[in-house]
Amino acid sequence: MEYNFSELEPRWQKYWKEGGVYHVENGGGAKERPHFYVLDMFPYPSGAGLHVGHPLGYIASDIFARYKRLRGYNVLHPMGYDAYGLPAEQYAIQTGQHPAVTTEKNIARYREQLDKIGFSFDWDREVRTCDPKYYKWTQWTFIQLFKHYYDNDANKALPISSLEERFAQRGSEGLHAACTEEMAFTAAEWNGWDESQRAKVLMNYRLAYLADIPVNWCAELGTVLANDEVVGGLSVRGGYPVERKLMRQWSLRITAYAQRLVDGLEQVDWTDSLKEIQRNWIGRSEGAAVWFPLENENGELKNEKSADAAFEIFTTRPDTIFGVTFMVLCPEHELIGQITTPDHKAEVEEYVSWAKNRSERERQAEVKKVSGVFTGAYAVNPLTEEKIPIYVSDYVLAGYGTGAIMAVPAHDSRDFAFARHFGLPIRQVVSLEKDATSDPATWTESMDAKTGYSVNSGFVSGMKVKEAMAAVIDKIEEMGIGHRTVNFRLRDAIFSRQRYWGEPFPVYYKNGIACTIPEECLPLELPEVSEFKPTATGEPPLGHAEKWAWDTKTNSVVNVSNIDNKTVFPLELSTMPGFAGSSGYYLRYMDPRNDKEYFSEQAVDYWQNVDLYVGGAEHGTGHLIYARFWNKFLFDMGMAKKEEPFQKLINQGMIQGRSNFVYRSKRDNNLYISKGLVKDMDEVTPIHVDINIVDNDVLDVEKFREWRPEFKEARFEMEDGKYVCGWEVEKMSKSMYNVQNPDDLVARYGADTLRLYEMFLGPVEQAKPWDTNGIEGVHRFLKKFWKLYQGENTEASKESVKVLHLTIKKITDDIERFSFNTAVSTFMICANQLTDLKCSSREVLEPLVVLVAPFAPHIAEELWHQLGNEGSVCDAEWPKFDPQMLVEDTVKYPVQFNGKMRFMLELPADATQADALEAVKASPESAKWLTGEPRKVIFVPKKIINIVV
RNA sequence: GCUCUGGUGGUGGAAUGGUAGACACGAGGGACUUAAAAUCCCUUGCCCGCAAGGGCGUGUGGGUUCAAGUCCCACCCGGAGUACCA
């Protein structure tokens, strides 16, 4: 029988589907099996369909899921769709086609493509973020976030109702909670306030809150964007300019969890680089908050710690406080109006308005340009009592720390540039060597490193930098003018989007107060709209919806015409961002059809969290942060059982495109020169050519002539009768004609070949260009593998049993360390050796089928049945490795795969190679397993000997 | 700039500190065939040599070690993340 993949693959796919082979239950079944949860980052179903880069991670996780199952685990391996998103909406604006229709169509296409590759997903658990049954729980979680605040003493989220009780009894006294701004009020004040005033105060503490905040506004997309959706002042999607704008927006107080998000990284099994990406993004820095008193009109100190007498700065270098020669406020700083002296007023106001109107992009592009202005006011260094000028400059950011800094030009490069520009003094206070100083006037750059010793620094002079830091903070704390503190770079996540195609907020506005709709009324379904564009008045698309008001009497959605502000109120017009639906989907997979709860206690108790998560590192500062935050919140609520959602994480590398080029002669427009014949690249024009008409870099010239009209008359200068194309690694994209569609490869070689080849290409984690050149090799292997099984059952030779056991060992090791490319190689070696040995023994071949099953499930299933087995190979047992089988006369020695053995012998220090060989042969140990001469003995002085047998 | 990665044949890539280049592609040669496809066998890091054999080789320069692609230090080059975060 021939290996007929196109016949057998669909047949087994049908068998798996109809037999529910991949259906998973929450529980170990009759005998209690261990559980394992393997998850892929679910895809956004784009109109372009899958290209070969997408399935890479899915194949890797599928191999692992199948492997775990064969090892006796109950494996949860679900798949779904991140179905809300901009492209479907943009398409809707252009064509009027409802995004739900587009999305549905794209999902069907994705599903069809995925099914052809033979994944072991349990499709009964599929989720879609745009499904009301699903987003009900996204909305529900939002309501919980709204109804909780973060208590820094309890170090967890607590119900907002307990905060209300607390305020009624004690006011804000003693409260340590995450908030937008610090507030101080008494119980009496609280009790005297009306509903609207209390609502305002509570909003200051809620984990989902509404506030006027500077946002990234993208006019082109007509929406605000989160920080991770903006790169270099441009939107990630579309690359449109983004400006800073103050808007009333929903935000998630993710900063409350900043410390726990940092700490949690210690517990998870992720790559160092991804952990580092997250640490950088969270940006924890330790330092000190210090109050600098202001000098008043009479030149006297206002030596008290209040907002009009002093201002607070944050520094990570308290040790350099003796080197402060000026202060800088950000242009948004509230103190500016108050302290600026009359003679500087005009200048300062002009600067501030210039700085505020500068677009984010301009600001970022001109980072190196120094700008700023003197306020005429002075602060006082609390340790030296020196008078220090106060400047305003936009190199100080409003959003970080307190928006004010102490400038130490000698030891901070930005302060250095500023001081040089304005001719301000530079004073050295840190030196690499004790007591040695140089003249800062001669420096070309500041000395920023946190090493060396303090100099010119009063009581800390002579101390090491680290000691000086501690000593200065101690002193400041003792003086009551500052304290040790930690700052984070992480900002709260802006949660509103002025879009249509997203989860509606379960929020209505009762006379301006944001209220959530009752939980039992969820989901609040996305309404129909006449248009997907913003309204004429600039409202988000939901402003077009007729039926978009909340009736508190009937608890239902009614027409906006009924709004009376007594019982019927307007609903929120923004929708939630893309990361809302993807932040908790892994929990929903545990119990996806539950309409009473997000997921049942029983389900989460069983699965706990994701054991293995596979996906791209590009989500490092987005989804992976938000999901961890979401999970920690649910953990605080007692719902999630593990604080970290994803125990182990593998980042599959990006698959880049490999473009092919033809070289058109500049002298003759119809002449194309084969790569090897091009002598001077300046004489030809490289032109992208569709990789689908190129095979192993050889152009199909006939197809090329037909490809596009301008190539119809093409003539070729061939080498050895072939036209060889050039190639380059680029992004995979339509415009480069280098997109490889997996369906074509499945049709040509079969799913098993595609699966093996994607793994064979290189380590899963590594970025690599797609290149079909080697696919024949793995296809040949499958044919050879197939052939092995076509003979009659015979008795197994010792040699073939040895090959089997070496293979079991190596494959098991390779899978455990996610080295799937070497695993595929191992199979090839194994098949070659068994072919040479003419092995056709069932004893060897049957376990081998099980080893191959995770990688090439279709062929494995077919051969499993050819060998006369019942049921699916998915339920077989992983073969046991027996080291005894590797040595003929069973001896316990460490045996390595390539036949290398290593052991130690005592030899004299001056022993030679020949002595070593003699010693090996004479050794009673080796006599048991060494038959004849060893092929090679590698000997080095001391006692280690490698023997190749 | 800072942080993290990586640098091995013509190509993709193998190597718990222990034979560098497994495996595969490509290339060259051969067998089978009227021919082609398919299949199989041999060669294939570089240099010298008919050969046996020898020399050189993992970005560069140092170091640790009996032994370094692997560990340490410095530098060069690529990729990613971040970017006035005090």
# chains A, B, ... in the order shown; residues from 1 in each chain; ligands from 1
$ interface_residues --of "chain B" --to "chain A" --cutoff "6 Å" --atoms "only C-alpha atoms (C1' of nucleotides)" --output "short mmCIF file (atom, residue, chain, number, x, y, z; two decimals) with N, CA and C atoms (P, O5', C5', C4', C3', O3' and C1' of nucleotides), in the first residue's frame"
data_model
loop_
_atom_site.label_atom_id
_atom_site.label_comp_id
_atom_site.auth_asym_id
_atom_site.auth_seq_id
_atom_site.Cartn_x
_atom_site.Cartn_y
_atom_site.Cartn_z
P C B 4 20.47 42.84 30.68
"O5'" C B 4 19.64 41.95 29.67
"C5'" C B 4 18.47 41.28 30.12
"C4'" C B 4 17.64 40.85 28.94
"C3'" C B 4 18.30 39.84 28.02
"O3'" C B 4 18.25 38.54 28.58
"C1'" C B 4 17.24 41.49 26.73
P C B 23 23.60 12.29 10.24
"O5'" C B 23 22.14 12.93 10.16
"C5'" C B 23 21.05 12.37 10.86
"C4'" C B 23 19.86 13.28 10.78
"C3'" C B 23 19.52 13.79 9.38
"O3'" C B 23 18.78 12.84 8.65
"C1'" C B 23 19.52 15.61 10.87
P C B 25 16.93 15.66 2.37
"O5'" C B 25 17.04 17.18 1.92
"C5'" C B 25 15.86 17.96 1.77
"C4'" C B 25 16.24 19.41 1.53
"C3'" C B 25 17.07 19.68 0.29
"O3'" C B 25 16.28 19.66 -0.88
"C1'" C B 25 17.96 20.89 2.10
P C B 66 43.83 22.37 34.85
"O5'" C B 66 43.96 21.62 33.46
"C5'" C B 66 45.25 21.24 32.96
"C4'" C B 66 45.07 20.29 31.81
"C3'" C B 66 44.06 20.74 30.77
"O3'" C B 66 44.65 21.63 29.85
"C1'" C B 66 43.64 18.49 31.35
P C B 84 10.35 59.35 26.37
"O5'" C B 84 11.05 59.86 27.73
"C5'" C B 84 12.21 59.15 28.17
"C4'" C B 84 13.23 60.15 28.63
"C3'" C B 84 12.89 60.74 29.98
"O3'" C B 84 14.00 60.68 30.83
"C1'" C B 84 13.42 62.44 28.42
P C B 85 14.42 59.24 31.40
"O5'" C B 85 13.24 58.85 32.38
"C5'" C B 85 13.07 59.52 33.61
"C4'" C B 85 12.26 58.66 34.55
"C3'" C B 85 12.67 57.18 34.54
"O3'" C B 85 12.51 56.68 35.83
"C1'" C B 85 10.42 57.40 33.82
P A B 86 13.72 56.28 36.67
"O5'" A B 86 14.56 57.59 36.97
"C5'" A B 86 14.50 58.15 38.24
"C4'" A B 86 15.14 59.52 38.20
"C3'" A B 86 14.85 60.38 39.42
"O3'" A B 86 15.72 60.10 40.50
"C1'" A B 86 14.46 61.62 37.47
#
$ atom_distance --atom1 "CA of Ala309 (chain A)" --atom2 "CA of Val328 (chain A)"
16.4 Å
$ atom_distance --atom1 "C1' of U70 (chain B)" --atom2 "C1' of A22 (chain B)"
16.7 Å
$ select_by_dssp --residues "region 147-383 of chain A" --states "helix (DSSP H, G or I)" --output "count of residues only"
83
$ atom_distance --atom1 "CA of Lys147 (chain A)" --atom2 "CA of Met203 (chain A)"
9.8 Å
$ residues_around --residues "U44 (chain B)" --least-positions-apart "2" --cutoff "10 Å" --atoms "only C-alpha atoms (C1' of nucleotides)" --output "list in words"
G9, A27 and G28 of chain B
